[in-house]
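K.L.:
Structure in structure tokens, see below.
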Amino acid sequence: MLTWQAGLAAVLALVPIGPKRRVRLEQAAGRTLALPLMARNDSPPFDSSAVDGFGVYPADVATAAADAAVRLQLVATIRAGDSTHLRLRRGAAVKLLTGACVPPSVGGVVMKEYCREEGRAVIVSRAVEPGENIRRRGGEFRKGQAVLPAGVRITPPVVGLLATFGYANVSVHAKPVVTIAVTGDELLSARESLRSGKIRDANSHALHAAVRALGVDGCRTMRLKDRPALLRRRLADALRRSDVLLTVGGMSVGDYDYVRPVLGALGVREVFWRMAIKPGKPTYFGVCDRPRRVRGGRGGPCLVFGLPGNPVAALVCFHQLVKPALLKMTGLASGMRPTLRATLVGARRKEAGRLEWVRGVMSSRNDEVIVQATAGQDSHMLGGLARANCLIQFLPGASYLADGEVVTVEPLLWRE
């Protein structure tokens, strides 16, 4: 069977990046830069004061001290937002508020705390170095300089940079359209009362939340009975209208597992089926190649993920396989998956041969990162995953993890 690393590489190799779109700056947060962010002006755009204080010639106050203050003539006050053409003469000072434009003739700014105003004079009790407390024009970025590359997530600081350089509109990558199709005659809605042989559908709600948490708001869900004709009709429509189709259930080898053959009949090219992982062994991935322009539908390929029906398996496989694909589709350049080393509390056993993701809770103990498996590790037990904040990697060749052993853990990050 395929390893998880090989499966993820196969998925990412086929993921198309969404086309470029222009959005207003107010709508850009959470999107991905489709073009490099270039400085349209120097930043700062002029020499400015970093403090409230007094602009002086450094030579005029070279001997200033608490017991040897220097008296200078106060000639003007410049506030933030004022423009000025003042030329400071020797023996004079100008009062500057934080952010105010510093005249070219000012060599340094003495902080207000070391000065005392007396009428039209200022008493300075501290020397200042040339350039001290002055933010120089272009000190961070020069006009025309590349500030950020394409593929960077637009966070609040990035929004601030965009505004700083006058970007009222931003080029971003389009978000994918996702359809979640949950199958099974046993499923009820969350509003229905339980009855014999039935369970409430957790998967459509949990996966919809997982998709939305990534900033992908074009997501719809449908609950389908195990009827081949119905599946064929509804999945054909989903393939036409979606960039990503997530099917849940119907992917194993049971008498009523129809989804995989139906997808094949609809022209979905199977890339792999079954992986050497736990949970998630029957996971499927395929691609439906479509014409660039389909009336009433999407153009280009539709990625198809067949997830197991057990809720924990569906969500873990989403986190480890679907989430990286969706992030790449939104244009995010970094595929970094942060991992940590932690000390295991409590021994674990498994059969060798598959990579197992054990749901765990990380915490600290005496400046040491520790991790403990949650109770309820079966693939239908959502409680353990709901409590977990990480996944413990139990490698394929291993069958035993000892108490106190150092293991690799991956934080469970549902938001990006």
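Ligands are numbered from 1 in the order shown, chains are lettered A, B, ... in the order of the structure tokens, and residues start at 1 in each chain.
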When DSSP works through the backbone of this structure, what residues of range 189-362 of chain A end up as alpha helix (DSSP H), shown as a PyMOL selection string?

P.N.:
chain A and resi 203-213+228-241+259-265+311-317+323-329

K.L.:
Write down as a list in words the residues of range 130-212 of chain A whose backbone DSSP state falls under strand (DSSP E or B).

P.N.:
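Put together, the selection reads Ile134, Arg135, Phe141, Ala146, Val147, Leu148, Arg153, Asn169, Val170, Ser171, Val172, His173, Val178, Thr179, Ile180, Ala181, Val182, Thr183, Leu187, Leu188, Ile199 and Arg200 of chain A.
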
K.L.:
Restricted to C-alpha atoms, what would the selected residues look like written as a PDB file, in the first residue's frame?

P.N.:
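Contents of out04.pdb, as written:
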ATOM      1  CA  ILE A 134      15.400  59.949  13.770  1.00  0.00           C
ATOM      2  CA  ARG A 135      13.637  57.411  11.540  1.00  0.00           C
ATOM      3  CA  PHE A 141      12.031  49.832   2.322  1.00  0.00           C
ATOM      4  CA  ALA A 146      10.279  43.756  -3.204  1.00  0.00           C
ATOM      5  CA  VAL A 147       8.650  43.690   0.237  1.00  0.00           C
ATOM      6  CA  LEU A 148       6.988  40.241   0.213  1.00  0.00           C
ATOM      7  CA  ARG A 153      -0.823  34.604   3.473  1.00  0.00           C
ATOM      8  CA  ASN A 169      -7.007  46.651  -4.373  1.00  0.00           C
ATOM      9  CA  VAL A 170      -4.950  43.474  -4.105  1.00  0.00           C
ATOM     10  CA  SER A 171      -4.230  40.568  -6.491  1.00  0.00           C
ATOM     11  CA  VAL A 172      -5.046  37.299  -4.725  1.00  0.00           C
ATOM     12  CA  HIS A 173      -5.745  33.708  -5.733  1.00  0.00           C
ATOM     13  CA  VAL A 178     -15.758  22.502  -2.429  1.00  0.00           C
ATOM     14  CA  THR A 179     -18.587  19.951  -2.309  1.00  0.00           C
ATOM     15  CA  ILE A 180     -18.874  17.430   0.527  1.00  0.00           C
ATOM     16  CA  ALA A 181     -20.968  14.352  -0.299  1.00  0.00           C
ATOM     17  CA  VAL A 182     -21.663  12.117   2.707  1.00  0.00           C
ATOM     18  CA  THR A 183     -23.163   8.729   1.862  1.00  0.00           C
ATOM     19  CA  LEU A 187     -27.498   8.697   8.390  1.00  0.00           C
ATOM     20  CA  LEU A 188     -29.909  11.155   9.987  1.00  0.00           C
ATOM     21  CA  ILE A 199     -26.952   7.468  13.559  1.00  0.00           C
ATOM     22  CA  ARG A 200     -26.742  11.229  13.185  1.00  0.00           C
TER      23      ARG A 200
END

K.L.:
Show which residues sit within 9 Å of range 318-322 of chain A, as a PyMOL selection string. Count only C-alpha atoms, and ignore same-chain residues fewer than 3 positions away.

P.N.:
chain A and resi 4+7-8+11+207+210+246+305+307+313-315+325-327+412-414

K.L.:
Please provide as a list of chain:residue names all residues within 6 Å of Met251 in chain A, with the sequence filter that same-chain residues fewer than 6 positions apart are discarded (counting only C-alpha atoms).

P.N.:
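The neighbour list is A:Asp257, A:Val259, A:Arg260.
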
K.L.:
Would you mind listing what lies within 7 Å of range 87-89 of chain A as a tab-separated table (two decimals) with N, CA and C atoms, in the first residue's frame, with only C-alpha atoms counted and same-chain residues fewer than 6 positions away left out?

P.N.:
chain	number	residue	atom	x	y	z
A	103	PRO	N	13.31	68.31	9.87
A	103	PRO	CA	14.00	69.11	8.85
A	103	PRO	C	15.40	68.57	8.57
A	105	SER	N	18.18	69.93	8.35
A	105	SER	CA	19.25	70.54	9.13
A	105	SER	C	19.35	70.01	10.56
A	106	VAL	N	18.34	69.25	11.01
A	106	VAL	CA	18.37	68.68	12.36
A	106	VAL	C	19.26	67.43	12.35

K.L.:
When distances are computed from only C-alpha atoms, which of A:Pro157, A:Gln27, A:Thr98, A:Arg223 shows the smallest separation from Glu186 in chain A?

P.N.:
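That would be A:Arg223, the residue with the smallest distance to Glu186 in chain A.
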
K.L.:
Under the rule that only C-alpha atoms are counted, which of A:Arg387, A:Arg31, A:Arg349, A:Arg137 is the nearest residue to Glu416 in chain A?

P.N.:
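Once distances to Glu416 in chain A are computed over only C-alpha atoms, the minimum belongs to A:Arg31.
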
K.L.:
May I have the residues within 10 Å of range 113-129 of chain A as an NGL selection string, using only C-alpha atoms and disregarding those fewer than 5 positions away in the same chain?

P.N.:
:A and (52-76 or 92-95 or 107-108)

K.L.:
I need the residue nearest Leu161 in chain A from this list: A:Gln393, A:Gln372, A:Ser43, A:Ser48. Use only C-alpha atoms for the distance.

P.N.:
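Among the listed residues, the smallest separation from Leu161 in chain A belongs to A:Ser43.
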